[in-house]
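Participant: Data: model-v5.txt, compact mmCIF, C-alpha atoms.
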# COMPACT_ATOMS: atom_id res chain seq x y z
CA MET A 1 0.00 0.00 0.00
CA ALA A 2 -0.28 2.19 1.78
CA SER A 3 1.12 4.53 4.15
CA PHE A 4 -1.26 5.09 6.97
CA ASN A 5 -1.17 7.05 10.16
CA LEU A 6 -2.45 6.17 13.63
CA ARG A 7 -3.43 8.90 16.04
CA LYS A 8 -5.69 9.72 18.98
CA ALA A 9 -9.18 10.69 17.88
CA GLU A 10 -10.19 14.35 18.07
CA PRO A 11 -13.65 15.95 18.24
CA LYS A 12 -13.59 16.40 14.44
CA ASP A 13 -13.36 12.61 14.03
CA VAL A 14 -16.76 11.99 15.60
CA PRO A 15 -18.67 11.65 12.28
CA ASP A 16 -16.08 9.13 11.03
CA ILE A 17 -16.19 7.21 14.31
CA LEU A 18 -19.96 6.92 14.06
CA ARG A 19 -19.71 5.90 10.41
CA LEU A 20 -17.27 3.09 11.28
CA ILE A 21 -19.35 2.00 14.29
CA LYS A 22 -22.30 1.61 11.91
CA GLU A 23 -20.18 -0.23 9.34
CA LEU A 24 -19.06 -2.72 11.95
CA ALA A 25 -22.65 -3.08 13.16
CA ARG A 26 -23.78 -3.64 9.55
CA TYR A 27 -21.20 -6.42 9.26
CA GLU A 28 -22.86 -8.01 12.34
CA GLU A 29 -26.27 -7.35 10.68
CA MET A 30 -27.23 -5.04 13.55
CA GLU A 31 -26.99 -1.60 11.98
CA ASP A 32 -30.47 -0.53 13.15
CA GLN A 33 -29.32 -1.17 16.74
CA VAL A 34 -26.94 1.78 16.66
CA LYS A 35 -28.83 4.46 18.55
CA LEU A 36 -25.83 6.60 19.41
CA THR A 37 -25.61 10.04 17.77
CA GLU A 38 -22.67 12.29 16.90
CA LYS A 39 -23.78 14.57 19.75
CA ASP A 40 -23.60 11.67 22.26
CA LEU A 41 -20.18 10.63 20.98
CA LEU A 42 -18.91 14.20 21.25
CA GLU A 43 -20.18 14.78 24.80
CA ASP A 44 -19.19 11.34 26.05
CA GLY A 45 -15.73 11.21 24.48
CA PHE A 46 -14.50 14.76 24.56
CA GLY A 47 -16.14 16.32 27.59
CA ASP A 48 -14.74 16.83 31.07
CA HIS A 49 -14.77 13.16 31.82
CA PRO A 50 -14.31 10.96 28.74
CA PHE A 51 -16.26 7.71 28.92
CA TYR A 52 -14.25 6.23 26.05
CA HIS A 53 -11.05 6.81 24.06
CA CYS A 54 -10.41 6.22 20.37
CA VAL A 55 -7.45 5.60 18.16
CA VAL A 56 -8.07 6.20 14.45
CA ALA A 57 -6.20 5.04 11.36
CA GLU A 58 -6.17 7.46 8.46
CA VAL A 59 -4.78 7.36 4.94
CA PRO A 60 -3.35 10.31 3.03
CA THR A 61 -5.50 12.23 0.55
CA GLU A 62 -4.42 10.40 -2.59
CA HIS A 63 -5.69 7.11 -1.14
CA GLN A 64 -9.11 8.37 -0.14
CA LYS A 65 -12.13 6.52 -1.39
CA ALA A 66 -14.49 8.13 -3.85
CA GLU A 67 -16.60 9.50 -0.99
CA GLY A 68 -13.51 11.29 0.35
CA TYR A 69 -13.01 9.40 3.62
CA SER A 70 -9.63 9.71 5.26
CA VAL A 71 -10.29 7.74 8.44
CA ILE A 72 -10.45 4.05 7.52
CA GLY A 73 -10.12 2.23 10.84
CA PHE A 74 -10.58 2.75 14.56
CA ALA A 75 -10.41 1.20 18.00
CA MET A 76 -12.55 2.33 20.92
CA TYR A 77 -11.35 1.53 24.44
CA TYR A 78 -11.68 2.60 28.06
CA PHE A 79 -10.24 1.70 31.43
CA THR A 80 -11.81 -0.82 33.75
CA TYR A 81 -10.83 -2.02 37.22
CA ASP A 82 -10.09 -5.48 38.53
CA PRO A 83 -10.43 -5.59 42.33
CA TRP A 84 -7.53 -8.05 42.55
CA ILE A 85 -4.99 -6.29 40.36
CA GLY A 86 -6.22 -2.81 39.49
CA LYS A 87 -6.45 -1.01 36.16
CA LEU A 88 -7.17 -2.82 32.90
CA LEU A 89 -7.56 -1.56 29.34
CA TYR A 90 -10.83 -2.71 27.84
CA LEU A 91 -11.00 -2.90 24.05
CA GLU A 92 -14.61 -2.23 23.09
CA ASP A 93 -14.69 -1.86 19.30
CA PHE A 94 -12.03 -2.55 16.70
CA PHE A 95 -12.61 -2.22 12.95
CA VAL A 96 -10.69 -1.61 9.73
CA MET A 97 -12.63 -0.97 6.51
CA LYS A 98 -12.62 -4.08 4.31
CA GLU A 99 -10.67 -2.57 1.45
CA TYR A 100 -7.87 -1.54 3.83
CA ARG A 101 -7.28 -4.90 5.47
CA GLY A 102 -4.22 -7.06 5.02
CA PHE A 103 -1.79 -4.15 5.30
CA GLY A 104 -1.01 -4.45 8.98
CA ILE A 105 -3.28 -1.64 10.14
CA GLY A 106 -5.08 -3.88 12.64
CA SER A 107 -1.77 -5.12 14.03
CA GLU A 108 -0.47 -1.58 14.40
CA ILE A 109 -3.63 -0.52 16.21
CA LEU A 110 -3.31 -3.43 18.61
CA LYS A 111 0.35 -2.61 19.15
CA LYS A 112 -0.52 1.01 19.94
CA LEU A 113 -3.17 -0.13 22.40
CA SER A 114 -0.65 -2.45 24.04
CA GLU A 115 1.75 0.48 24.47
CA THR A 116 -1.04 2.56 25.97
CA ALA A 117 -1.93 -0.24 28.36
CA VAL A 118 1.65 -0.70 29.52
CA LYS A 119 2.22 3.07 29.83
CA THR A 120 -0.87 3.57 31.96
CA ARG A 121 0.14 0.65 34.15
CA CYS A 122 -2.69 -1.67 33.20
CA SER A 123 -2.25 -5.33 34.09
CA SER A 124 -3.86 -6.59 30.91
CA MET A 125 -6.25 -5.87 28.07
CA HIS A 126 -9.72 -7.41 28.07
CA PHE A 127 -12.32 -7.63 25.31
CA ILE A 128 -15.17 -9.89 24.24
CA VAL A 129 -15.42 -11.79 20.99
CA ALA A 130 -18.46 -13.58 19.61
CA GLU A 131 -17.81 -17.30 19.74
CA SER A 132 -18.81 -17.54 16.07
CA ASN A 133 -16.09 -15.12 15.00
CA GLN A 134 -13.25 -17.56 14.34
CA ALA A 135 -11.19 -15.10 12.25
CA SER A 136 -11.05 -12.61 15.14
CA ILE A 137 -10.47 -15.33 17.73
CA ASN A 138 -7.47 -16.55 15.76
CA PHE A 139 -6.17 -12.98 15.25
CA TYR A 140 -6.17 -12.46 19.01
CA LYS A 141 -4.88 -15.91 19.94
CA ARG A 142 -1.88 -15.39 17.65
CA ARG A 143 -1.06 -12.40 19.83
CA GLY A 144 -1.28 -14.27 23.09
CA ALA A 145 -4.94 -13.80 23.96
CA LEU A 146 -6.52 -16.25 26.34
CA ASP A 147 -10.20 -17.23 26.25
CA LEU A 148 -11.22 -16.51 29.85
CA SER A 149 -14.76 -17.71 29.23
CA LEU A 150 -13.30 -21.08 28.40
CA GLU A 151 -10.64 -21.05 31.12
CA GLU A 152 -12.66 -19.60 33.95
CA GLY A 153 -16.29 -20.07 32.93
CA TRP A 154 -17.36 -16.42 32.97
CA ARG A 155 -20.72 -15.43 31.52
CA LEU A 156 -21.70 -11.86 30.69
CA PHE A 157 -25.01 -10.67 32.12
CA ARG A 158 -27.13 -7.61 31.50
CA ILE A 159 -29.90 -5.83 33.43
CA ASP A 160 -31.53 -3.56 30.88
CA LYS A 161 -33.10 -0.12 31.31
CA GLN A 162 -36.62 -1.41 31.86
CA ASN A 163 -35.50 -3.67 34.65
CA LEU A 164 -33.24 -0.98 36.12
CA LEU A 165 -36.23 1.37 36.32
CA LYS A 166 -38.27 -1.38 37.88
CA LEU A 167 -35.56 -2.14 40.45
CA SER A 168 -34.96 1.50 41.35
CA ALA A 169 -38.67 2.05 41.87
CA GLU A 170 -39.09 -0.93 44.16
CA GLU A 171 -40.01 -0.34 47.79
CA MET B 1 -32.25 -6.76 61.89
CA GLU B 2 -30.69 -4.81 61.27
CA GLN B 3 -30.43 -1.24 60.53
CA PHE B 4 -27.76 -0.41 58.04
CA ILE B 5 -26.98 2.51 55.82
CA LEU B 6 -25.68 2.63 52.30
CA ARG B 7 -23.34 5.41 51.30
CA ASN B 8 -20.70 6.29 48.71
CA ALA B 9 -17.27 5.09 49.79
CA GLU B 10 -14.79 7.64 51.08
CA PRO B 11 -10.97 7.51 51.27
CA LYS B 12 -11.22 6.27 54.87
CA ASP B 13 -13.07 3.16 53.65
CA VAL B 14 -10.15 1.88 51.60
CA SER B 15 -8.93 -0.64 54.17
CA ASP B 16 -12.47 -2.04 54.61
CA ILE B 17 -12.86 -2.24 50.83
CA LEU B 18 -9.62 -4.22 50.55
CA ARG B 19 -10.68 -6.47 53.42
CA LEU B 20 -13.98 -7.26 51.69
CA ILE B 21 -12.29 -7.76 48.30
CA LYS B 22 -10.05 -10.34 49.97
CA GLU B 23 -12.99 -11.99 51.73
CA LEU B 24 -14.82 -12.37 48.43
CA ALA B 25 -11.64 -13.71 46.82
CA LYS B 26 -11.27 -16.20 49.70
CA PHE B 27 -14.82 -17.39 48.99
CA GLU B 28 -13.66 -18.04 45.41
CA GLU B 29 -10.53 -19.72 46.82
CA MET B 30 -8.35 -17.07 45.18
CA GLU B 31 -7.24 -14.90 48.09
CA GLU B 32 -3.54 -14.97 47.18
CA GLN B 33 -4.44 -13.50 43.76
CA VAL B 34 -5.32 -10.18 45.36
CA VAL B 35 -2.19 -8.13 44.80
CA LEU B 36 -3.90 -4.75 44.98
CA THR B 37 -2.81 -2.56 47.92
CA GLU B 38 -4.61 0.09 49.97
CA LYS B 39 -2.34 2.69 48.39
CA GLU B 40 -3.44 1.71 44.86
CA LEU B 41 -7.09 1.61 45.86
CA LEU B 42 -6.72 5.10 47.30
CA GLU B 43 -4.96 6.56 44.24
CA ASP B 44 -7.18 4.78 41.73
CA GLY B 45 -10.50 5.48 43.42
CA PHE B 46 -10.06 8.87 45.02
CA GLY B 47 -7.61 10.67 42.80
CA GLU B 48 -8.36 13.18 40.06
CA HIS B 49 -9.77 10.56 37.77
CA PRO B 50 -11.46 7.71 39.65
CA PHE B 51 -11.08 4.36 37.90
CA TYR B 52 -13.81 2.82 40.04
CA HIS B 53 -16.63 3.81 42.40
CA CYS B 54 -17.81 2.06 45.53
CA VAL B 55 -20.98 1.90 47.55
CA VAL B 56 -20.57 0.53 51.09
CA ALA B 57 -23.06 -0.86 53.59
CA GLU B 58 -22.39 0.16 57.19
CA VAL B 59 -24.02 -1.01 60.44
CA PRO B 60 -24.24 1.00 63.65
CA GLU B 61 -21.64 0.50 66.40
CA GLU B 62 -23.85 -1.85 68.40
CA LYS B 63 -24.03 -4.21 65.42
CA GLN B 64 -20.34 -4.20 64.55
CA THR B 65 -18.42 -7.46 64.10
CA PRO B 66 -16.32 -8.89 66.96
CA GLU B 67 -13.25 -7.34 65.30
CA GLY B 68 -14.96 -3.97 65.29
CA TYR B 69 -15.87 -3.75 61.62
CA ARG B 70 -18.88 -1.63 60.70
CA VAL B 71 -18.56 -1.80 56.91
CA VAL B 72 -20.15 -5.16 56.12
CA GLY B 73 -20.83 -5.05 52.38
CA PHE B 74 -19.78 -3.24 49.24
CA ALA B 75 -20.24 -2.95 45.51
CA MET B 76 -17.53 -1.74 43.16
CA TYR B 77 -18.59 -0.37 39.78
CA TYR B 78 -17.46 1.88 36.93
CA PHE B 79 -18.82 3.21 33.68
CA THR B 80 -18.24 1.50 30.36
CA TYR B 81 -19.29 2.45 26.83
CA ASP B 82 -21.29 0.55 24.26
CA PRO B 83 -20.66 1.95 20.76
CA TRP B 84 -24.32 1.35 19.82
CA ILE B 85 -26.05 2.88 22.82
CA GLY B 86 -23.51 4.74 24.92
CA LYS B 87 -22.87 4.68 28.66
CA LEU B 88 -23.34 1.54 30.74
CA LEU B 89 -22.83 0.87 34.43
CA TYR B 90 -20.53 -2.10 34.97
CA LEU B 91 -20.85 -3.92 38.29
CA GLU B 92 -17.41 -5.33 39.08
CA ASP B 93 -17.58 -6.69 42.63
CA PHE B 94 -20.54 -7.18 44.94
CA TYR B 95 -20.30 -8.74 48.40
CA VAL B 96 -22.04 -8.81 51.77
CA MET B 97 -20.37 -10.52 54.74
CA LYS B 98 -21.95 -13.90 55.45
CA GLU B 99 -23.29 -13.04 58.89
CA PHE B 100 -25.09 -9.99 57.47
CA ARG B 101 -26.93 -11.71 54.65
CA GLY B 102 -30.66 -12.27 54.43
CA TYR B 103 -31.56 -8.77 55.62
CA GLY B 104 -31.97 -7.15 52.24
CA ILE B 105 -28.59 -5.41 52.14
CA GLY B 106 -27.74 -6.94 48.77
CA SER B 107 -31.11 -5.95 47.34
CA GLU B 108 -30.70 -2.39 48.61
CA ILE B 109 -27.24 -2.15 47.08
CA LEU B 110 -28.54 -3.34 43.73
CA LYS B 111 -31.42 -0.90 43.95
CA ARG B 112 -29.02 1.94 44.67
CA LEU B 113 -26.86 0.95 41.71
CA SER B 114 -29.94 0.87 39.51
CA GLU B 115 -30.80 4.42 40.60
CA THR B 116 -27.25 5.52 39.85
CA ALA B 117 -27.38 3.91 36.42
CA VAL B 118 -30.67 5.60 35.56
CA LYS B 119 -29.53 8.97 36.94
CA CYS B 120 -26.30 8.83 34.91
CA ARG B 121 -28.30 7.97 31.81
CA CYS B 122 -26.85 4.50 31.40
CA SER B 123 -28.71 2.17 29.07
CA SER B 124 -28.13 -0.87 31.26
CA MET B 125 -25.98 -2.54 33.88
CA HIS B 126 -23.52 -5.26 32.89
CA PHE B 127 -21.58 -7.71 35.02
CA ILE B 128 -20.11 -11.19 34.75
CA VAL B 129 -21.01 -14.21 36.86
CA ALA B 130 -19.17 -17.53 37.02
CA GLU B 131 -21.31 -20.15 35.33
CA TRP B 132 -21.13 -22.41 38.42
CA ASN B 133 -22.42 -19.71 40.77
CA LYS B 134 -26.06 -20.77 40.61
CA GLN B 135 -27.11 -18.75 43.65
CA SER B 136 -25.87 -15.46 42.20
CA ILE B 137 -27.29 -16.28 38.78
CA GLU B 138 -30.72 -16.82 40.39
CA PHE B 139 -30.40 -13.61 42.46
CA TYR B 140 -29.79 -11.61 39.28
CA LYS B 141 -32.33 -13.43 37.10
CA ARG B 142 -35.04 -12.69 39.69
CA ARG B 143 -34.27 -9.02 39.06
CA GLY B 144 -34.55 -9.26 35.30
CA ALA B 145 -30.96 -10.04 34.34
CA ALA B 146 -30.40 -11.69 30.95
CA ASP B 147 -27.50 -14.05 30.29
CA LEU B 148 -25.87 -12.41 27.26
CA SER B 149 -23.27 -15.15 26.99
CA HIS B 150 -26.11 -17.55 26.50
CA GLU B 151 -28.25 -15.34 24.23
CA GLU B 152 -25.52 -13.75 22.17
CA GLY B 153 -22.57 -16.12 22.51
CA TRP B 154 -20.05 -13.63 23.88
CA ARG B 155 -16.77 -14.89 25.28
CA LEU B 156 -14.46 -12.81 27.46
CA PHE B 157 -10.83 -12.69 26.35
CA GLU B 158 -7.69 -11.43 27.98
CA ILE B 159 -4.27 -10.39 26.67
CA GLY B 160 -2.02 -10.52 29.72
CA LYS B 161 0.81 -8.14 30.65
CA GLN B 162 3.56 -10.30 29.23
CA SER B 163 1.88 -10.52 25.84
CA LEU B 164 1.16 -6.78 25.92
CA ILE B 165 4.82 -6.02 26.54
CA LYS B 166 5.79 -8.43 23.80
CA MET B 167 3.41 -6.75 21.35
CA SER B 168 4.39 -3.22 22.22
CA ALA B 169 8.07 -4.05 21.85
CA LYS B 170 7.76 -5.50 18.35
Any chance you could put this one into structure tokens?
Facilitator:
Amino acid sequence: MASFNLRKAEPKDVPDILRLIKELARYEEMEDQVKLTEKDLLEDGFGDHPFYHCVVAEVPTEHQKAEGYSVIGFAMYYFTYDPWIGKLLYLEDFFVMKEYRGFGIGSEILKKLSETAVKTRCSSMHFIVAESNQASINFYKRRGALDLSLEEGWRLFRIDKQNLLKLSAEE
Amino acid sequence: MEQFILRNAEPKDVSDILRLIKELAKFEEMEEQVVLTEKELLEDGFGEHPFYHCVVAEVPEEKQTPEGYRVVGFAMYYFTYDPWIGKLLYLEDFYVMKEFRGYGIGSEILKRLSETAVKCRCSSMHFIVAEWNKQSIEFYKRRGAADLSHEEGWRLFEIGKQSLIKMSAK
């Protein structure tokens, strides 16, 4: 290729971040589930207290697609806390546009995240992967990832808004 | 019982929080895995940017344990972000000392967390439960929790420190 550049996301990247979030959701056939707006992303990521952080991958002007996009990949992460060991980096979303895969962009993003994790004194990086997603599972396992669900039998649970309201209203 | 109060944790609670974290770990037969110190808990929870939040349950002096402990339960949580819907409340640790169970402390804690989640405009609360922990699974299911691992097939992965260092050094 392809020179590309990785950098921290800025407020101006919010439309591209939302675009890529929707592309990844479309790939999972869940695009209509994306309720988040650019306004939410702006407030939540670039306000006083960021609820997430993003790294974006961009390509120089001459490589832009017809629609003029420069940002062609991203990773969204935040910090979580393990009561036994302390800070962790949690990788929430990770996507490179199809036409830009195979050039090492994903690997570079993961490397940058690893540096961030080590620099901020995180003990490890956590993330979830759908059990059906063999390509991703292999990508991560090649880099030393361990399936904790398999090893330790963890299951992810959710109490949704309706039930939260119900619980908080209970006498 | 048992009167008790629930309140946000303060810096002075850090040693009780660590004690309860270790008690919960002991219950899971993992006590030696707790390497976190009071100093780290203090910096990470009560510094400029808190990495976690805690709610503690406290009993009055006349109900304190033989060792003199008044903080008898806690929940540790933080905020996470779902790229489709935004902020979530993530419940990380949740424990009430054995001798203080059955009085509704756990339910009150969960209720308080639900209020916090709604007030902070979180779409839902997430947490993980070990698949063998039937009692906890039932406790949560009674309150409307859905097993996403079951419904959506998610698996939790970890890249440990050594592998992170290896990757960042490449």
Participant: Which residues of chain A have any atom within 7 Å of an atom in chain B when counting only C-alpha atoms, and what is the closest pair of atoms for each, with the distance in Å to one decimal? Order the rows by chain and rising number and write it as CSV.
Facilitator:
residue,atom,partner,partner_atom,distance
A:Ile21,CA,B:Pro83,CA,6.6
A:Gln33,CA,B:Trp84,CA,6.4
A:Val34,CA,B:Trp84,CA,4.1
A:Lys35,CA,B:Ile85,CA,5.3
A:Leu36,CA,B:Ile85,CA,5.1
A:Phe51,CA,B:Tyr81,CA,6.4
A:Tyr52,CA,B:Tyr81,CA,6.3
A:Thr80,CA,B:Phe51,CA,6.7
A:Tyr81,CA,B:Tyr52,CA,6.3
A:Pro83,CA,B:Ile21,CA,6.6
A:Trp84,CA,B:Val34,CA,4.2
A:Ile85,CA,B:Leu36,CA,5.0
A:Gly86,CA,B:Leu36,CA,6.3
A:Lys111,CA,B:Ser168,CA,5.1
A:Lys112,CA,B:Ser168,CA,6.9
A:Ser114,CA,B:Leu164,CA,5.1
A:Glu115,CA,B:Ser168,CA,5.1
A:Val118,CA,B:Ile165,CA,6.9
A:Ser123,CA,B:Lys161,CA,5.4
A:Ser124,CA,B:Gly160,CA,4.5
A:Met125,CA,B:Ile159,CA,5.1
A:His126,CA,B:Glu158,CA,4.5
A:Phe127,CA,B:Phe157,CA,5.4
A:Ile128,CA,B:Leu156,CA,4.4
A:Val129,CA,B:Arg155,CA,5.5
A:Ala130,CA,B:Trp154,CA,4.6
A:Glu131,CA,B:Gly153,CA,5.6
A:Arg143,CA,B:Ser163,CA,6.9
A:Gly144,CA,B:Ser163,CA,5.6
A:Ala145,CA,B:Ile159,CA,4.4
A:Leu146,CA,B:Glu158,CA,5.2
A:Asp147,CA,B:Phe157,CA,4.6
A:Leu148,CA,B:Phe157,CA,5.2
A:Ser149,CA,B:Leu156,CA,5.2
A:Gly153,CA,B:Glu131,CA,5.6
A:Trp154,CA,B:Ala130,CA,4.6
A:Arg155,CA,B:Ser149,CA,5.2
A:Leu156,CA,B:Ile128,CA,4.4
A:Phe157,CA,B:Asp147,CA,4.6
A:Arg158,CA,B:His126,CA,4.5
A:Ile159,CA,B:Ala145,CA,4.4
A:Asp160,CA,B:Ser124,CA,4.4
A:Lys161,CA,B:Ser124,CA,5.0
A:Asn163,CA,B:Gly144,CA,5.7
A:Leu164,CA,B:Ser114,CA,5.1
A:Leu167,CA,B:Lys111,CA,5.6
A:Ser168,CA,B:Lys111,CA,5.0
Participant: As an exercise, work out the distance from CA of Pro11 (chain B) to CA of Leu42 (chain B) in Å and give it to one decimal place.
Facilitator: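 A separation of 6.3 Å between them.
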Participant: Please, what distance in Å, to one decimal, runs between CA of Gly102 (chain A) and CA of Ala25 (chain A)?
Facilitator: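 Computing the Euclidean distance for CA of Gly102 (chain A) and CA of Ala25 (chain A) yields 20.5 Å.
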Participant: If I take CA of Lys119 (chain A) and CA of Met76 (chain A), how far is one from the other in Å, to one decimal?
Facilitator: 17.3 Å
Participant: Show me, as an NGL selection string, the residues that have an atom within 8 Å of Phe4 (chain A) when counting only C-alpha atoms, minus same-chain residues fewer than 2 positions from it.
Facilitator: :A and (2 or 6 or 57-60 or 105)
Participant: Filtering to all heavy atoms, could region 32-41 of chain A of the supplied structure be written out as a PDB file, in the first residue's frame?
Facilitator:
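Saved as part-v8.pdb:
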ATOM      1  N   ASP A  32     -29.335  -1.276  12.583  1.00  0.00           N
ATOM      2  CA  ASP A  32     -30.466  -0.527  13.153  1.00  0.00           C
ATOM      3  C   ASP A  32     -30.404  -0.452  14.684  1.00  0.00           C
ATOM      4  O   ASP A  32     -31.181   0.256  15.305  1.00  0.00           O
ATOM      5  CB  ASP A  32     -31.789  -1.183  12.729  1.00  0.00           C
ATOM      6  CG  ASP A  32     -31.764  -2.668  13.009  1.00  0.00           C
ATOM      7  OD1 ASP A  32     -30.891  -3.356  12.440  1.00  0.00           O
ATOM      8  OD2 ASP A  32     -32.591  -3.159  13.798  1.00  0.00           O
ATOM      9  N   GLN A  33     -29.474  -1.208  15.290  1.00  0.00           N
ATOM     10  CA  GLN A  33     -29.324  -1.174  16.740  1.00  0.00           C
ATOM     11  C   GLN A  33     -28.467  -0.004  17.212  1.00  0.00           C
ATOM     12  O   GLN A  33     -28.391   0.279  18.403  1.00  0.00           O
ATOM     13  CB  GLN A  33     -28.672  -2.478  17.241  1.00  0.00           C
ATOM     14  CG  GLN A  33     -29.402  -3.733  16.854  1.00  0.00           C
ATOM     15  CD  GLN A  33     -30.476  -4.099  17.844  1.00  0.00           C
ATOM     16  OE1 GLN A  33     -30.631  -3.453  18.875  1.00  0.00           O
ATOM     17  NE2 GLN A  33     -31.231  -5.127  17.526  1.00  0.00           N
ATOM     18  N   VAL A  34     -27.805   0.661  16.259  1.00  0.00           N
ATOM     19  CA  VAL A  34     -26.939   1.779  16.657  1.00  0.00           C
ATOM     20  C   VAL A  34     -27.799   3.009  16.916  1.00  0.00           C
ATOM     21  O   VAL A  34     -28.292   3.647  15.979  1.00  0.00           O
ATOM     22  CB  VAL A  34     -25.882   2.098  15.569  1.00  0.00           C
ATOM     23  CG1 VAL A  34     -24.992   3.256  16.029  1.00  0.00           C
ATOM     24  CG2 VAL A  34     -25.031   0.876  15.271  1.00  0.00           C
ATOM     25  N   LYS A  35     -27.989   3.329  18.179  1.00  0.00           N
ATOM     26  CA  LYS A  35     -28.831   4.463  18.552  1.00  0.00           C
ATOM     27  C   LYS A  35     -28.002   5.715  18.843  1.00  0.00           C
ATOM     28  O   LYS A  35     -28.519   6.816  18.952  1.00  0.00           O
ATOM     29  CB  LYS A  35     -29.635   4.141  19.837  1.00  0.00           C
ATOM     30  CG  LYS A  35     -30.366   2.828  19.804  1.00  0.00           C
ATOM     31  CD  LYS A  35     -31.564   2.863  18.874  1.00  0.00           C
ATOM     32  CE  LYS A  35     -32.300   1.534  18.891  1.00  0.00           C
ATOM     33  NZ  LYS A  35     -32.873   1.213  17.568  1.00  0.00           N
ATOM     34  N   LEU A  36     -26.713   5.517  19.039  1.00  0.00           N
ATOM     35  CA  LEU A  36     -25.825   6.604  19.408  1.00  0.00           C
ATOM     36  C   LEU A  36     -25.785   7.677  18.321  1.00  0.00           C
ATOM     37  O   LEU A  36     -25.849   7.358  17.133  1.00  0.00           O
ATOM     38  CB  LEU A  36     -24.423   6.015  19.590  1.00  0.00           C
ATOM     39  CG  LEU A  36     -23.519   6.547  20.697  1.00  0.00           C
ATOM     40  CD1 LEU A  36     -24.207   6.566  22.027  1.00  0.00           C
ATOM     41  CD2 LEU A  36     -22.268   5.689  20.751  1.00  0.00           C
ATOM     42  N   THR A  37     -25.689   8.954  18.746  1.00  0.00           N
ATOM     43  CA  THR A  37     -25.611  10.038  17.773  1.00  0.00           C
ATOM     44  C   THR A  37     -24.237  10.700  17.849  1.00  0.00           C
ATOM     45  O   THR A  37     -23.485  10.463  18.798  1.00  0.00           O
ATOM     46  CB  THR A  37     -26.655  11.119  18.091  1.00  0.00           C
ATOM     47  OG1 THR A  37     -26.336  11.673  19.386  1.00  0.00           O
ATOM     48  CG2 THR A  37     -28.061  10.551  18.119  1.00  0.00           C
ATOM     49  N   GLU A  38     -23.941  11.557  16.886  1.00  0.00           N
ATOM     50  CA  GLU A  38     -22.666  12.286  16.905  1.00  0.00           C
ATOM     51  C   GLU A  38     -22.593  13.151  18.164  1.00  0.00           C
ATOM     52  O   GLU A  38     -21.532  13.281  18.787  1.00  0.00           O
ATOM     53  CB  GLU A  38     -22.532  13.165  15.654  1.00  0.00           C
ATOM     54  CG  GLU A  38     -22.173  12.363  14.410  1.00  0.00           C
ATOM     55  CD  GLU A  38     -22.063  13.214  13.143  1.00  0.00           C
ATOM     56  OE1 GLU A  38     -21.936  14.464  13.274  1.00  0.00           O
ATOM     57  OE2 GLU A  38     -22.106  12.641  12.045  1.00  0.00           O
ATOM     58  N   LYS A  39     -23.718  13.715  18.553  1.00  0.00           N
ATOM     59  CA  LYS A  39     -23.778  14.566  19.747  1.00  0.00           C
ATOM     60  C   LYS A  39     -23.390  13.760  20.994  1.00  0.00           C
ATOM     61  O   LYS A  39     -22.585  14.204  21.804  1.00  0.00           O
ATOM     62  CB  LYS A  39     -25.188  15.138  19.876  1.00  0.00           C
ATOM     63  CG  LYS A  39     -25.392  16.061  21.075  1.00  0.00           C
ATOM     64  CD  LYS A  39     -26.759  16.737  20.995  1.00  0.00           C
ATOM     65  CE  LYS A  39     -27.015  17.670  22.177  1.00  0.00           C
ATOM     66  NZ  LYS A  39     -27.316  16.930  23.419  1.00  0.00           N
ATOM     67  N   ASP A  40     -23.955  12.535  21.124  1.00  0.00           N
ATOM     68  CA  ASP A  40     -23.605  11.669  22.257  1.00  0.00           C
ATOM     69  C   ASP A  40     -22.107  11.374  22.260  1.00  0.00           C
ATOM     70  O   ASP A  40     -21.439  11.472  23.288  1.00  0.00           O
ATOM     71  CB  ASP A  40     -24.329  10.304  22.170  1.00  0.00           C
ATOM     72  CG  ASP A  40     -25.833  10.427  22.319  1.00  0.00           C
ATOM     73  OD1 ASP A  40     -26.295  11.295  23.074  1.00  0.00           O
ATOM     74  OD2 ASP A  40     -26.550   9.641  21.655  1.00  0.00           O
ATOM     75  N   LEU A  41     -21.599  10.994  21.090  1.00  0.00           N
ATOM     76  CA  LEU A  41     -20.182  10.627  20.984  1.00  0.00           C
ATOM     77  C   LEU A  41     -19.287  11.801  21.366  1.00  0.00           C
ATOM     78  O   LEU A  41     -18.265  11.624  22.024  1.00  0.00           O
ATOM     79  CB  LEU A  41     -19.848  10.181  19.567  1.00  0.00           C
ATOM     80  CG  LEU A  41     -20.128   8.726  19.238  1.00  0.00           C
ATOM     81  CD1 LEU A  41     -19.940   8.462  17.754  1.00  0.00           C
ATOM     82  CD2 LEU A  41     -19.205   7.799  20.039  1.00  0.00           C
TER      83      LEU A  41
END
